[in-house]
Amino acid sequence: MASRFDVSRRAFLKGTAGVTGLAAFGVPAANVLGANDTLRVGCIGTGGRCRHLMPALARIPNVRIAAVCDIFDNNLAAGRQLADPKAFVTRKYKELLDRHDIDAVLIASPDHWHVPMTLDALSAGKDIYVEKPLTHNLAEGKAILEAQAKHKRVVQVGTQQRSMPHIRKAYDLVRAGRLGKISKVHLTWNRNGDRVRKAAPSPDFPKKVDWKAFVGNAPEQPLDEYRFRHWRWFWDFGGGLFTDLMVHWIDVAHWFLDLDHPLKAVSVGQHTVSEGIWQTPDTVQTLLVYPKQVQAHFEGTFSNAYGAAHIVFMGTDASLYIDRGRYEVHPERGRGKYEELVLGTGPKGRDFYDKPDGERLHLEDWIEAIRAGKQPSTPIKAGVSAASAAHLANQALRGNGVALWK
């Protein structure tokens, strides 16, 4: 009986144009799935973010969630409920990667595990969807780029704005020159709510978690349930507001303006509501200076939700406001008419809208790229680029306020 890859290869080779596309991307033709082949996906790190993605992934035709992995029993059990009833279940992600019946993996671990797990998945011949930020520090970028070039797998980074139709249309407006010369970009992600308060520790937590596996390559430290559940706000595991939130919009700025990394970052931060609880500040600002005379300013806080989540491109002819549900073009006086495209309902700047379903669209883009052997909308290079801006901003924040690209 022919293998899935043999069948896929014969079907694919019927179209010579497709083969040309594969050659350009560097993916061997034998690794491409046909449109009707079932893609078997393993989910690594089935905490809250992964469980937000898994229902969307399961609704994509000819995709089966065939394995789940987490080092916390509660997460593993919850992930198992969303997977195929016969899914392989493990606490050890390398056991998942070693399986020949897994074609691709979705990695939604804490940040410090993104690159190590992606490197292992590449070596195992898997296609990958990995949550942002791709890297946990600047040094990891080179290694992940080299590994992808060597193994030639399809890797999608989870900055889903690139798959949202209104943002793609806004991209076309910018590239067509609708805004004139753009020299300033303003990025905002403000929140408010009870996100910081410490709850009483769970008495059975130590028995349910593999703390050593969670810590991984971070410095050894005693078990801490709060750090486990809120790892984004501790330097060993996350990077605070810059890596968790700014990275979404700075990726859009890089994409629209064809930017790679900032030359300079000037950052400030403080603990407005998280003093003594978080390591990373809950209120931050950074000014990023780029080539092409572009300045990008990000401000974010967890103490006030004004402005919520959005990005504004400011050009000589017009300004472009974008959030996850709309865009608006605000022309300078005498330079055109106001225009908008509104897809989502509800107040401006929401984290998530009913339309578009960005997660599903981004996952579909990844699956389509796997089947066609082409670049996804957010390839590794884009993930490294967006994360680099956040890391430089954090270098400035943790240093003397200023960091230069070296």
# chains A, B, ... in the order shown; residues from 1 in each chain; ligands from 1
>>> select_by_dssp(residues="segment 180-329 of chain A", states="helix (DSSP H, G or I)", output="ChimeraX atom specification")
/A:205-208,211-215,225-229,231-233,240-257
>>> residues_around(residues="His100 of chain A", least_positions_apart="6", cutoff="10 Å", atoms="only C-alpha atoms", output="ChimeraX atom specification")
/A:40,124-126
>>> write_last_selection(atoms="N, CA and C atoms", output="tab-separated table (two decimals), in the first residue's frame")
chain	number	residue	atom	x	y	z
A	40	ARG	N	-2.41	14.95	10.30
A	40	ARG	CA	-2.46	14.52	11.71
A	40	ARG	C	-1.57	15.44	12.53
A	124	ALA	N	12.68	16.53	13.64
A	124	ALA	CA	11.83	15.35	13.51
A	124	ALA	C	11.03	15.35	12.21
A	125	GLY	N	11.19	16.38	11.38
A	125	GLY	CA	10.52	16.42	10.09
A	125	GLY	C	9.08	16.86	10.14
A	126	LYS	N	8.70	17.60	11.19
A	126	LYS	CA	7.31	18.04	11.31
A	126	LYS	C	7.14	19.46	10.77
>>> closest_residue(among="A:Lys92, A:Arg162, A:Arg227, A:Arg175", to="Trp249 of chain A", atoms="only C-alpha atoms")
A:Arg162
>>> closest_residue(among="A:Gly334, A:Gly240, A:Pro379, A:Gly177", to="Phe256 of chain A", atoms="only C-alpha atoms")
A:Gly177
>>> residues_around(residues="segment 43-53 of chain A", least_positions_apart="2", cutoff="9 Å", atoms="only C-alpha atoms", output="PyMOL selection string")
chain A and resi 41+55-58+65-72+74-80+82-83+93+96+104-110+117+131+359-360+363
>>> write_last_selection(atoms="N, CA and C atoms", output="CSV table (one decimal), in the first residue's frame")
chain,number,residue,atom,x,y,z
A,41,VAL,N,-2.2,16.2,13.4
A,41,VAL,CA,-1.5,17.2,14.2
A,41,VAL,C,-1.4,16.9,15.6
A,55,PRO,N,-10.2,24.1,19.0
A,55,PRO,CA,-11.5,23.9,18.4
A,55,PRO,C,-11.5,24.4,16.9
A,56,ALA,N,-10.8,25.5,16.7
A,56,ALA,CA,-10.7,26.1,15.3
A,56,ALA,C,-10.0,25.1,14.4
A,57,LEU,N,-8.9,24.5,15.0
A,57,LEU,CA,-8.1,23.5,14.2
A,57,LEU,C,-8.9,22.3,13.9
A,58,ALA,N,-9.7,21.8,14.8
A,58,ALA,CA,-10.5,20.6,14.6
A,58,ALA,C,-11.6,20.8,13.6
A,65,ILE,N,-6.7,16.1,15.2
A,65,ILE,CA,-5.8,16.3,16.4
A,65,ILE,C,-5.5,14.9,16.9
A,66,ALA,N,-4.3,14.4,16.6
A,66,ALA,CA,-4.0,13.0,16.8
A,66,ALA,C,-3.1,12.8,18.1
A,67,ALA,N,-2.7,13.9,18.7
A,67,ALA,CA,-1.8,13.7,19.9
A,67,ALA,C,-1.9,15.0,20.7
A,68,VAL,N,-1.7,14.9,22.0
A,68,VAL,CA,-1.7,16.1,22.9
A,68,VAL,C,-0.6,15.8,23.9
A,69,CYS,N,0.0,16.9,24.4
A,69,CYS,CA,1.1,16.8,25.3
A,69,CYS,C,1.1,18.1,26.2
A,70,ASP,N,1.2,17.8,27.5
A,70,ASP,CA,1.4,18.9,28.5
A,70,ASP,C,2.0,18.3,29.8
A,71,ILE,N,2.7,19.2,30.5
A,71,ILE,CA,3.4,18.7,31.7
A,71,ILE,C,2.5,18.9,33.0
A,72,PHE,N,1.3,19.4,32.8
A,72,PHE,CA,0.4,19.7,33.9
A,72,PHE,C,-0.9,18.8,33.7
A,74,ASN,N,-3.9,18.8,34.6
A,74,ASN,CA,-5.2,19.5,34.3
A,74,ASN,C,-5.3,19.9,32.9
A,75,ASN,N,-4.2,20.5,32.4
A,75,ASN,CA,-4.1,20.9,31.0
A,75,ASN,C,-4.2,19.7,30.0
A,76,LEU,N,-3.5,18.7,30.4
A,76,LEU,CA,-3.4,17.5,29.6
A,76,LEU,C,-4.8,16.9,29.4
A,77,ALA,N,-5.6,16.8,30.5
A,77,ALA,CA,-6.9,16.3,30.5
A,77,ALA,C,-7.8,17.2,29.7
A,78,ALA,N,-7.7,18.5,29.8
A,78,ALA,CA,-8.6,19.4,29.0
A,78,ALA,C,-8.2,19.3,27.6
A,79,GLY,N,-7.0,19.2,27.2
A,79,GLY,CA,-6.6,19.1,25.8
A,79,GLY,C,-7.1,17.8,25.2
A,80,ARG,N,-7.0,16.7,26.0
A,80,ARG,CA,-7.5,15.4,25.5
A,80,ARG,C,-9.0,15.5,25.1
A,82,LEU,N,-10.5,17.8,23.8
A,82,LEU,CA,-10.7,18.5,22.5
A,82,LEU,C,-10.1,17.8,21.3
A,83,ALA,N,-9.3,16.8,21.6
A,83,ALA,CA,-8.6,16.0,20.5
A,83,ALA,C,-9.5,14.8,20.1
A,93,TYR,N,7.1,15.8,25.3
A,93,TYR,CA,6.8,16.2,23.9
A,93,TYR,C,7.7,15.5,22.9
A,96,LEU,N,6.0,12.6,21.5
A,96,LEU,CA,5.0,13.0,20.4
A,96,LEU,C,5.8,13.2,19.1
A,104,ALA,N,2.4,17.1,11.8
A,104,ALA,CA,2.6,18.5,12.1
A,104,ALA,C,2.3,18.7,13.6
A,105,VAL,N,2.9,19.8,14.1
A,105,VAL,CA,2.6,20.1,15.5
A,105,VAL,C,2.2,21.6,15.7
A,106,LEU,N,1.4,21.8,16.7
A,106,LEU,CA,1.1,23.1,17.2
A,106,LEU,C,1.7,23.3,18.5
A,107,ILE,N,2.6,24.3,18.6
A,107,ILE,CA,3.4,24.5,19.8
A,107,ILE,C,2.8,25.8,20.5
A,108,ALA,N,2.3,25.6,21.7
A,108,ALA,CA,1.8,26.7,22.5
A,108,ALA,C,2.3,26.7,23.9
A,109,SER,N,3.6,26.4,24.0
A,109,SER,CA,4.3,26.4,25.3
A,109,SER,C,4.6,27.8,25.8
A,110,PRO,N,5.1,27.9,27.0
A,110,PRO,CA,5.7,29.2,27.4
A,110,PRO,C,6.8,29.6,26.5
A,117,MET,N,11.6,23.7,21.3
A,117,MET,CA,10.6,22.7,20.8
A,117,MET,C,10.5,22.8,19.3
A,131,GLU,N,3.3,29.5,18.6
A,131,GLU,CA,2.8,30.7,19.1
A,131,GLU,C,3.9,31.8,19.2
A,359,GLU,N,-7.9,33.4,14.4
A,359,GLU,CA,-7.2,32.1,14.7
A,359,GLU,C,-7.4,31.1,13.6
A,360,ARG,N,-8.7,30.9,13.3
A,360,ARG,CA,-9.0,29.9,12.3
A,360,ARG,C,-8.4,30.2,10.9
A,363,LEU,N,-4.7,29.4,11.1
A,363,LEU,CA,-4.5,28.0,11.0
A,363,LEU,C,-4.8,27.4,9.6
>>> closest_residue(among="A:Pro116, A:Arg326, A:Glu225, A:Gly315", to="Pro203 of chain A", atoms="only C-alpha atoms")
A:Glu225
